[in-house]
file start23.tsv (TSV, N, CA and C atoms)
chain	number	residue	atom	x	y	z
A	1	MET	N	-1.27	-137.65	-171.59
A	1	MET	CA	-2.48	-137.08	-172.14
A	1	MET	C	-3.14	-138.04	-173.12
A	2	GLN	N	-2.35	-138.66	-174.00
A	2	GLN	CA	-2.92	-139.61	-174.96
A	2	GLN	C	-3.46	-140.85	-174.25
A	3	GLU	N	-2.83	-141.22	-173.15
A	3	GLU	CA	-3.32	-142.36	-172.38
A	3	GLU	C	-4.73	-142.06	-171.85
A	4	PHE	N	-4.92	-140.85	-171.35
A	4	PHE	CA	-6.25	-140.50	-170.82
A	4	PHE	C	-7.26	-140.39	-171.95
A	5	GLU	N	-6.84	-139.96	-173.12
A	5	GLU	CA	-7.74	-139.89	-174.27
A	5	GLU	C	-8.23	-141.28	-174.64
A	6	LYS	N	-7.37	-142.28	-174.55
A	6	LYS	CA	-7.78	-143.66	-174.80
A	6	LYS	C	-8.78	-144.13	-173.76
A	7	ILE	N	-8.54	-143.78	-172.51
A	7	ILE	CA	-9.46	-144.12	-171.43
A	7	ILE	C	-10.82	-143.48	-171.69
A	8	TYR	N	-10.80	-142.22	-172.07
A	8	TYR	CA	-12.03	-141.49	-172.37
A	8	TYR	C	-12.82	-142.20	-173.47
A	9	GLN	N	-12.15	-142.55	-174.54
A	9	GLN	CA	-12.84	-143.20	-175.66
A	9	GLN	C	-13.36	-144.58	-175.27
A	10	GLU	N	-12.62	-145.28	-174.45
A	10	GLU	CA	-13.02	-146.64	-174.08
A	10	GLU	C	-14.22	-146.66	-173.13
A	11	TYR	N	-14.26	-145.72	-172.18
A	11	TYR	CA	-15.28	-145.79	-171.13
A	11	TYR	C	-16.39	-144.75	-171.26
A	12	TYR	N	-16.30	-143.87	-172.22
A	12	TYR	CA	-17.29	-142.79	-172.34
A	12	TYR	C	-18.72	-143.33	-172.41
A	13	ALA	N	-18.97	-144.26	-173.30
A	13	ALA	CA	-20.34	-144.76	-173.51
A	13	ALA	C	-20.89	-145.43	-172.25
A	14	ASP	N	-20.07	-146.19	-171.55
A	14	ASP	CA	-20.53	-146.86	-170.32
A	14	ASP	C	-20.88	-145.85	-169.24
A	15	ILE	N	-20.03	-144.86	-169.06
A	15	ILE	CA	-20.28	-143.83	-168.04
A	15	ILE	C	-21.52	-143.02	-168.42
A	16	TRP	N	-21.64	-142.66	-169.68
A	16	TRP	CA	-22.80	-141.89	-170.14
A	16	TRP	C	-24.09	-142.67	-169.90
A	17	HIS	N	-24.10	-143.95	-170.23
A	17	HIS	CA	-25.30	-144.76	-170.03
A	17	HIS	C	-25.64	-144.88	-168.55
A	18	PHE	N	-24.65	-145.07	-167.72
A	18	PHE	CA	-24.84	-145.14	-166.26
A	18	PHE	C	-25.50	-143.86	-165.76
A	19	LEU	N	-24.96	-142.72	-166.17
A	19	LEU	CA	-25.52	-141.44	-165.72
A	19	LEU	C	-26.86	-141.17	-166.36
A	20	LEU	N	-27.08	-141.64	-167.56
A	20	LEU	CA	-28.37	-141.49	-168.22
A	20	LEU	C	-29.45	-142.18	-167.40
A	21	CYS	N	-29.17	-143.38	-166.92
A	21	CYS	CA	-30.13	-144.10	-166.07
A	21	CYS	C	-30.38	-143.34	-164.76
A	22	LEU	N	-29.33	-142.82	-164.17
A	22	LEU	CA	-29.48	-142.10	-162.90
A	22	LEU	C	-30.28	-140.81	-163.05
A	23	THR	N	-30.16	-140.16	-164.19
A	23	THR	CA	-30.84	-138.88	-164.39
A	23	THR	C	-32.25	-139.04	-164.94
A	24	GLY	N	-32.73	-140.26	-165.02
A	24	GLY	CA	-34.07	-140.48	-165.53
A	24	GLY	C	-34.14	-140.26	-167.04
A	25	TYR	N	-33.08	-140.60	-167.72
A	25	TYR	CA	-32.98	-140.51	-169.18
A	25	TYR	C	-33.02	-139.06	-169.69
A	26	ASP	N	-32.45	-138.17	-168.90
A	26	ASP	CA	-32.26	-136.77	-169.32
A	26	ASP	C	-30.90	-136.71	-170.04
A	27	THR	N	-30.94	-136.72	-171.36
A	27	THR	CA	-29.70	-136.84	-172.14
A	27	THR	C	-28.77	-135.65	-171.95
A	28	LEU	N	-29.31	-134.45	-171.85
A	28	LEU	CA	-28.48	-133.27	-171.68
A	28	LEU	C	-27.73	-133.31	-170.34
A	29	THR	N	-28.46	-133.62	-169.27
A	29	THR	CA	-27.83	-133.70	-167.95
A	29	THR	C	-26.82	-134.84	-167.90
A	30	ALA	N	-27.16	-135.98	-168.50
A	30	ALA	CA	-26.23	-137.11	-168.53
A	30	ALA	C	-24.95	-136.73	-169.25
A	31	GLU	N	-25.08	-136.00	-170.33
A	31	GLU	CA	-23.90	-135.55	-171.09
A	31	GLU	C	-23.03	-134.62	-170.24
A	32	GLU	N	-23.67	-133.66	-169.58
A	32	GLU	CA	-22.91	-132.72	-168.73
A	32	GLU	C	-22.21	-133.45	-167.59
A	33	LEU	N	-22.92	-134.38	-166.96
A	33	LEU	CA	-22.32	-135.12	-165.85
A	33	LEU	C	-21.21	-136.05	-166.32
A	34	THR	N	-21.35	-136.60	-167.52
A	34	THR	CA	-20.29	-137.44	-168.08
A	34	THR	C	-19.03	-136.60	-168.32
A	35	GLN	N	-19.21	-135.42	-168.87
A	35	GLN	CA	-18.06	-134.53	-169.09
A	35	GLN	C	-17.41	-134.17	-167.77
A	36	GLU	N	-18.23	-133.87	-166.75
A	36	GLU	CA	-17.70	-133.53	-165.44
A	36	GLU	C	-16.97	-134.73	-164.82
A	37	THR	N	-17.49	-135.93	-165.04
A	37	THR	CA	-16.84	-137.14	-164.53
A	37	THR	C	-15.43	-137.28	-165.09
A	38	PHE	N	-15.31	-137.13	-166.40
A	38	PHE	CA	-13.98	-137.29	-167.01
A	38	PHE	C	-13.07	-136.12	-166.66
A	39	TYR	N	-13.63	-134.95	-166.46
A	39	TYR	CA	-12.82	-133.81	-166.01
A	39	TYR	C	-12.25	-134.09	-164.61
A	40	GLN	N	-13.12	-134.56	-163.70
A	40	GLN	CA	-12.66	-134.88	-162.35
A	40	GLN	C	-11.65	-136.03	-162.37
A	41	ALA	N	-11.92	-137.02	-163.20
A	41	ALA	CA	-10.99	-138.16	-163.31
A	41	ALA	C	-9.63	-137.69	-163.82
A	42	PHE	N	-9.64	-136.78	-164.78
A	42	PHE	CA	-8.38	-136.25	-165.32
A	42	PHE	C	-7.62	-135.48	-164.24
A	43	LEU	N	-8.35	-134.64	-163.48
A	43	LEU	CA	-7.70	-133.84	-162.44
A	43	LEU	C	-7.06	-134.71	-161.36
A	44	TYR	N	-7.73	-135.81	-161.01
A	44	TYR	CA	-7.28	-136.63	-159.89
A	44	TYR	C	-6.74	-137.99	-160.33
A	45	PHE	N	-6.36	-138.11	-161.58
A	45	PHE	CA	-5.88	-139.38	-162.11
A	45	PHE	C	-4.66	-139.90	-161.35
A	46	GLU	N	-3.83	-139.00	-160.87
A	46	GLU	CA	-2.63	-139.44	-160.14
A	46	GLU	C	-3.00	-140.07	-158.81
A	47	ARG	N	-4.22	-139.86	-158.32
A	47	ARG	CA	-4.66	-140.48	-157.07
A	47	ARG	C	-5.16	-141.91	-157.26
A	48	PHE	N	-5.35	-142.32	-158.49
A	48	PHE	CA	-5.78	-143.69	-158.76
A	48	PHE	C	-4.63	-144.62	-158.40
A	49	ARG	N	-4.87	-145.46	-157.39
A	49	ARG	CA	-3.81	-146.30	-156.85
A	49	ARG	C	-3.76	-147.69	-157.48
A	50	GLY	N	-4.72	-148.02	-158.29
A	50	GLY	CA	-4.73	-149.32	-158.92
A	50	GLY	C	-5.21	-150.44	-158.02
A	51	GLU	N	-5.82	-150.11	-156.88
A	51	GLU	CA	-6.33	-151.13	-155.97
A	51	GLU	C	-7.61	-151.77	-156.52
A	52	CYS	N	-8.22	-151.14	-157.49
A	52	CYS	CA	-9.39	-151.67	-158.17
A	52	CYS	C	-9.20	-151.44	-159.66
A	53	GLN	N	-10.11	-151.95	-160.43
A	53	GLN	CA	-10.00	-151.73	-161.87
A	53	GLN	C	-10.29	-150.28	-162.19
A	54	LEU	N	-9.71	-149.79	-163.25
A	54	LEU	CA	-9.92	-148.41	-163.67
A	54	LEU	C	-11.40	-148.14	-163.91
A	55	ARG	N	-12.08	-149.08	-164.51
A	55	ARG	CA	-13.51	-148.95	-164.79
A	55	ARG	C	-14.30	-148.73	-163.49
A	56	THR	N	-13.97	-149.48	-162.46
A	56	THR	CA	-14.63	-149.34	-161.16
A	56	THR	C	-14.40	-147.95	-160.59
A	57	TRP	N	-13.17	-147.50	-160.68
A	57	TRP	CA	-12.82	-146.16	-160.17
A	57	TRP	C	-13.60	-145.08	-160.92
A	58	LEU	N	-13.70	-145.20	-162.24
A	58	LEU	CA	-14.43	-144.21	-163.03
A	58	LEU	C	-15.92	-144.20	-162.67
A	59	PHE	N	-16.49	-145.37	-162.43
A	59	PHE	CA	-17.90	-145.41	-162.02
A	59	PHE	C	-18.09	-144.77	-160.64
A	60	GLN	N	-17.11	-144.92	-159.77
A	60	GLN	CA	-17.19	-144.27	-158.46
A	60	GLN	C	-17.11	-142.75	-158.62
A	61	VAL	N	-16.24	-142.29	-159.50
A	61	VAL	CA	-16.16	-140.84	-159.78
A	61	VAL	C	-17.51	-140.37	-160.33
A	62	ALA	N	-18.10	-141.12	-161.25
A	62	ALA	CA	-19.38	-140.75	-161.84
A	62	ALA	C	-20.47	-140.70	-160.77
A	63	LYS	N	-20.47	-141.67	-159.88
A	63	LYS	CA	-21.46	-141.69	-158.80
A	63	LYS	C	-21.31	-140.46	-157.90
A	64	ASN	N	-20.08	-140.10	-157.59
A	64	ASN	CA	-19.84	-138.92	-156.76
A	64	ASN	C	-20.25	-137.64	-157.47
A	65	VAL	N	-19.98	-137.56	-158.77
A	65	VAL	CA	-20.40	-136.39	-159.55
A	65	VAL	C	-21.93	-136.29	-159.55
A	66	TYR	N	-22.60	-137.43	-159.69
A	66	TYR	CA	-24.07	-137.44	-159.66
A	66	TYR	C	-24.59	-137.00	-158.29
A	67	ARG	N	-24.00	-137.50	-157.22
A	67	ARG	CA	-24.42	-137.10	-155.87
A	67	ARG	C	-24.24	-135.59	-155.67
A	68	LYS	N	-23.13	-135.06	-156.13
A	68	LYS	CA	-22.88	-133.62	-156.01
A	68	LYS	C	-23.94	-132.84	-156.79
A	69	TYR	N	-24.28	-133.33	-157.97
A	69	TYR	CA	-25.32	-132.69	-158.79
A	69	TYR	C	-26.66	-132.68	-158.06
A	70	ILE	N	-27.04	-133.80	-157.45
A	70	ILE	CA	-28.31	-133.90	-156.71
A	70	ILE	C	-28.33	-132.92	-155.54
A	71	ARG	N	-27.22	-132.84	-154.80
A	71	ARG	CA	-27.16	-131.90	-153.67
A	71	ARG	C	-27.31	-130.47	-154.15
A	72	LYS	N	-26.62	-130.14	-155.24
A	72	LYS	CA	-26.69	-128.78	-155.78
A	72	LYS	C	-28.12	-128.46	-156.23
A	73	GLU	N	-28.76	-129.38	-156.92
A	73	GLU	CA	-30.13	-129.17	-157.38
A	73	GLU	C	-31.07	-128.97	-156.19
A	74	SER	N	-30.87	-129.76	-155.15
A	74	SER	CA	-31.71	-129.65	-153.96
A	74	SER	C	-31.55	-128.29	-153.31
A	75	ARG	N	-30.30	-127.82	-153.19
A	75	ARG	CA	-30.06	-126.50	-152.59
A	75	ARG	C	-30.68	-125.40	-153.43
A	76	GLN	N	-30.58	-125.51	-154.75
A	76	GLN	CA	-31.16	-124.49	-155.62
A	76	GLN	C	-32.67	-124.45	-155.47
A	77	ARG	N	-33.30	-125.62	-155.37
A	77	ARG	CA	-34.75	-125.66	-155.17
A	77	ARG	C	-35.14	-125.02	-153.85
A	78	GLN	N	-34.34	-125.28	-152.81
A	78	GLN	CA	-34.63	-124.70	-151.50
A	78	GLN	C	-34.51	-123.19	-151.54
A	79	ILE	N	-33.49	-122.68	-152.24
A	79	ILE	CA	-33.31	-121.23	-152.35
A	79	ILE	C	-34.49	-120.61	-153.09
A	80	ILE	N	-34.88	-121.22	-154.18
A	80	ILE	CA	-36.01	-120.72	-154.96
A	80	ILE	C	-37.28	-120.77	-154.13
A	81	ALA	N	-37.46	-121.87	-153.38
A	81	ALA	CA	-38.66	-122.00	-152.55
A	81	ALA	C	-38.69	-120.92	-151.47
A	82	ARG	N	-37.55	-120.62	-150.88
A	82	ARG	CA	-37.49	-119.56	-149.85
A	82	ARG	C	-37.82	-118.20	-150.44
A	83	GLN	N	-37.36	-117.96	-151.66
A	83	GLN	CA	-37.61	-116.66	-152.29
A	83	GLN	C	-39.07	-116.50	-152.68
A	84	THR	N	-39.74	-117.58	-152.99
A	84	THR	CA	-41.13	-117.49	-153.44
A	84	THR	C	-42.13	-117.83	-152.35
A	85	ASP	N	-41.66	-118.38	-151.23
A	85	ASP	CA	-42.55	-118.82	-150.17
A	85	ASP	C	-42.16	-118.14	-148.87
A	86	SER	N	-43.15	-117.63	-148.16
A	86	SER	CA	-42.85	-116.97	-146.89
A	86	SER	C	-43.14	-117.90	-145.71
A	87	SER	N	-43.33	-119.18	-145.96
A	87	SER	CA	-43.59	-120.13	-144.88
A	87	SER	C	-42.32	-120.37	-144.08
A	88	PRO	N	-42.45	-120.94	-142.88
A	88	PRO	CA	-41.27	-121.17	-142.03
A	88	PRO	C	-40.30	-122.15	-142.70
A	89	PRO	N	-39.02	-122.11	-142.29
A	89	PRO	CA	-38.01	-122.99	-142.88
A	89	PRO	C	-38.37	-124.46	-142.73
A	90	VAL	N	-37.91	-125.25	-143.64
A	90	VAL	CA	-38.18	-126.68	-143.65
A	90	VAL	C	-37.23	-127.38	-142.71
A	91	SER	N	-37.73	-128.38	-141.98
A	91	SER	CA	-36.87	-129.12	-141.05
A	91	SER	C	-35.87	-129.96	-141.83
A	92	ARG	N	-34.82	-130.42	-141.13
A	92	ARG	CA	-33.78	-131.23	-141.78
A	92	ARG	C	-34.36	-132.51	-142.38
A	93	LYS	N	-35.26	-133.17	-141.65
A	93	LYS	CA	-35.86	-134.40	-142.17
A	93	LYS	C	-36.63	-134.11	-143.45
A	94	ARG	N	-37.30	-132.99	-143.48
A	94	ARG	CA	-38.08	-132.62	-144.67
A	94	ARG	C	-37.17	-132.33	-145.84
A	95	LYS	N	-36.02	-131.70	-145.60
A	95	LYS	CA	-35.08	-131.38	-146.67
A	95	LYS	C	-34.60	-132.64	-147.37
A	96	ILE	N	-34.32	-133.67	-146.60
A	96	ILE	CA	-33.85	-134.91	-147.19
A	96	ILE	C	-34.91	-135.50	-148.10
A	97	LYS	N	-36.16	-135.40	-147.72
A	97	LYS	CA	-37.23	-135.94	-148.55
A	97	LYS	C	-37.44	-135.13	-149.81
A	98	CYS	N	-36.93	-133.91	-149.85
A	98	CYS	CA	-37.08	-133.06	-151.04
A	98	CYS	C	-36.20	-133.52	-152.19
A	99	VAL	N	-35.19	-134.32	-151.91
A	99	VAL	CA	-34.30	-134.80	-152.97
A	99	VAL	C	-35.11	-135.75	-153.85
A	100	PRO	N	-35.21	-135.47	-155.15
A	100	PRO	CA	-36.08	-136.26	-156.01
A	100	PRO	C	-35.57	-137.69	-156.20
A	101	ASP	N	-36.46	-138.64	-155.96
A	101	ASP	CA	-36.19	-140.05	-156.24
A	101	ASP	C	-34.88	-140.55	-155.64
A	102	SER	N	-34.56	-140.12	-154.42
A	102	SER	CA	-33.28	-140.54	-153.85
A	102	SER	C	-33.20	-142.05	-153.66
A	103	LYS	N	-34.31	-142.69	-153.25
A	103	LYS	CA	-34.30	-144.15	-153.11
A	103	LYS	C	-34.14	-144.81	-154.47
A	104	LYS	N	-34.84	-144.26	-155.45
A	104	LYS	CA	-34.74	-144.80	-156.80
A	104	LYS	C	-33.31	-144.65	-157.32
A	105	SER	N	-32.68	-143.52	-157.06
A	105	SER	CA	-31.32	-143.29	-157.51
A	105	SER	C	-30.36	-144.29	-156.88
A	106	ARG	N	-30.51	-144.51	-155.59
A	106	ARG	CA	-29.64	-145.48	-154.91
A	106	ARG	C	-29.83	-146.88	-155.47
A	107	ARG	N	-31.09	-147.22	-155.74
A	107	ARG	CA	-31.39	-148.53	-156.31
A	107	ARG	C	-30.75	-148.68	-157.69
A	108	ILE	N	-30.84	-147.64	-158.51
A	108	ILE	CA	-30.26	-147.68	-159.85
A	108	ILE	C	-28.74	-147.77	-159.75
A	109	ILE	N	-28.14	-147.00	-158.85
A	109	ILE	CA	-26.68	-147.04	-158.68
A	109	ILE	C	-26.24	-148.45	-158.31
A	110	ARG	N	-26.93	-149.05	-157.33
A	110	ARG	CA	-26.55	-150.41	-156.91
A	110	ARG	C	-26.70	-151.40	-158.06
A	111	ARG	N	-27.81	-151.29	-158.81
A	111	ARG	CA	-28.04	-152.20	-159.92
A	111	ARG	C	-26.96	-152.05	-160.99
A	112	GLU	N	-26.64	-150.80	-161.34
A	112	GLU	CA	-25.63	-150.56	-162.37
A	112	GLU	C	-24.26	-151.06	-161.92
A	113	ILE	N	-23.94	-150.88	-160.66
A	113	ILE	CA	-22.65	-151.35	-160.15
A	113	ILE	C	-22.60	-152.87	-160.22
A	114	ARG	N	-23.72	-153.55	-159.85
A	114	ARG	CA	-23.75	-155.02	-159.94
A	114	ARG	C	-23.60	-155.48	-161.38
A	115	ILE	N	-24.30	-154.83	-162.30
A	115	ILE	CA	-24.22	-155.20	-163.71
A	115	ILE	C	-22.79	-155.05	-164.22
A	116	HIS	N	-22.18	-153.93	-163.89
A	116	HIS	CA	-20.83	-153.66	-164.38
A	116	HIS	C	-19.79	-154.53	-163.67
A	117	SER	N	-20.06	-154.90	-162.43
A	117	SER	CA	-19.15	-155.80	-161.72
A	117	SER	C	-19.18	-157.18	-162.35
A	118	ARG	N	-20.38	-157.64	-162.70
A	118	ARG	CA	-20.50	-158.94	-163.35
A	118	ARG	C	-19.82	-158.94	-164.71
A	119	ALA	N	-19.93	-157.83	-165.43
A	119	ALA	CA	-19.34	-157.73	-166.76
A	119	ALA	C	-17.81	-157.78	-166.68
A	120	GLU	N	-17.26	-157.27	-165.59
A	120	GLU	CA	-15.81	-157.26	-165.42
A	120	GLU	C	-15.26	-158.63	-165.08
A	121	GLU	N	-16.11	-159.48	-164.49
A	121	GLU	CA	-15.64	-160.82	-164.06
A	121	GLU	C	-15.51	-161.71	-165.21
call {"tool": "encode", "arguments": {"input": "start23.tsv", "output": "structure tokens"}}
result
Amino acid sequence: MQEFEKIYQEYYADIWHFLLCLTGYDTLTAEELTQETFYQAFLYFERFRGECQLRTWLFQVAKNVYRKYIRKESRQRQIIARQTDSSPPVSRKRKIKCVPDSKKSRRIIRREIRIHSRAEE
């Protein structure tokens, strides 16, 4: 437990900043996603095989938490839209386009991973 607390203290700021960039500088959402990232990392810490650096693994967990958040937000918007709109259902291609700034998010994720990869070298 104390080992994970050290990991939390060491990587918290980096993970928070990464998620802050992904969320468009929404500090509240970045904070929630950072907490969820470390919660998931704690739950699955025994699955960390050491094939990569711990920092890399944590950023991958953060990226997955962010992707899950985007999917959930998209589904909630679709549900709200269905409740308020009587138009026919949206096609699958249209649903994908409803995800806000998905290209921008992927670009930011790639950039942050490159930055952090260079910092590790």
call {"tool": "closest_residue", "arguments": {"input": "start23.tsv", "among": "A:Gln83, A:Thr56, A:Gln2, A:Gln76", "to": "Phe42 (chain A)", "atoms": "only C-alpha atoms"}}
result
A:Gln2
call {"tool": "closest_residue", "arguments": {"input": "start23.tsv", "among": "A:Ala62, A:Cys21, A:Leu28, A:Ala81", "to": "Gln40 (chain A)", "atoms": "only C-alpha atoms"}}
result
A:Ala62
call {"tool": "closest_residue", "arguments": {"input": "start23.tsv", "among": "A:Glu10, A:Cys52, A:Trp57, A:Lys63", "to": "Thr23 (chain A)", "atoms": "only C-alpha atoms"}}
result
A:Lys63
call {"tool": "atom_distance", "arguments": {"input": "start23.tsv", "atom1": "CA of Leu33 (chain A)", "atom2": "CA of Lys68 (chain A)"}}
result
10.0 Å
call {"tool": "atom_distance", "arguments": {"input": "start23.tsv", "atom1": "CA of Phe4 (chain A)", "atom2": "atom C of Arg107 (chain A)"}}
result
29.0 Å
call {"tool": "closest_residue", "arguments": {"input": "start23.tsv", "among": "A:Phe48, A:Arg55, A:Thr27, A:Ile108", "to": "Tyr11 (chain A)", "atoms": "only N, CA and C atoms"}}
result
A:Arg55
call {"tool": "atom_distance", "arguments": {"input": "start23.tsv", "atom1": "CA of Glu32 (chain A)", "atom2": "CA of Arg71 (chain A)"}}
result
15.7 Å
call {"tool": "residues_around", "arguments": {"input": "start23.tsv", "residues": "Thr34 (chain A)", "least_positions_apart": "5", "cutoff": "7 Å", "atoms": "all atoms listed in the file", "output": "PyMOL selection string"}}
result
chain A and resi 15-16+19+29+39
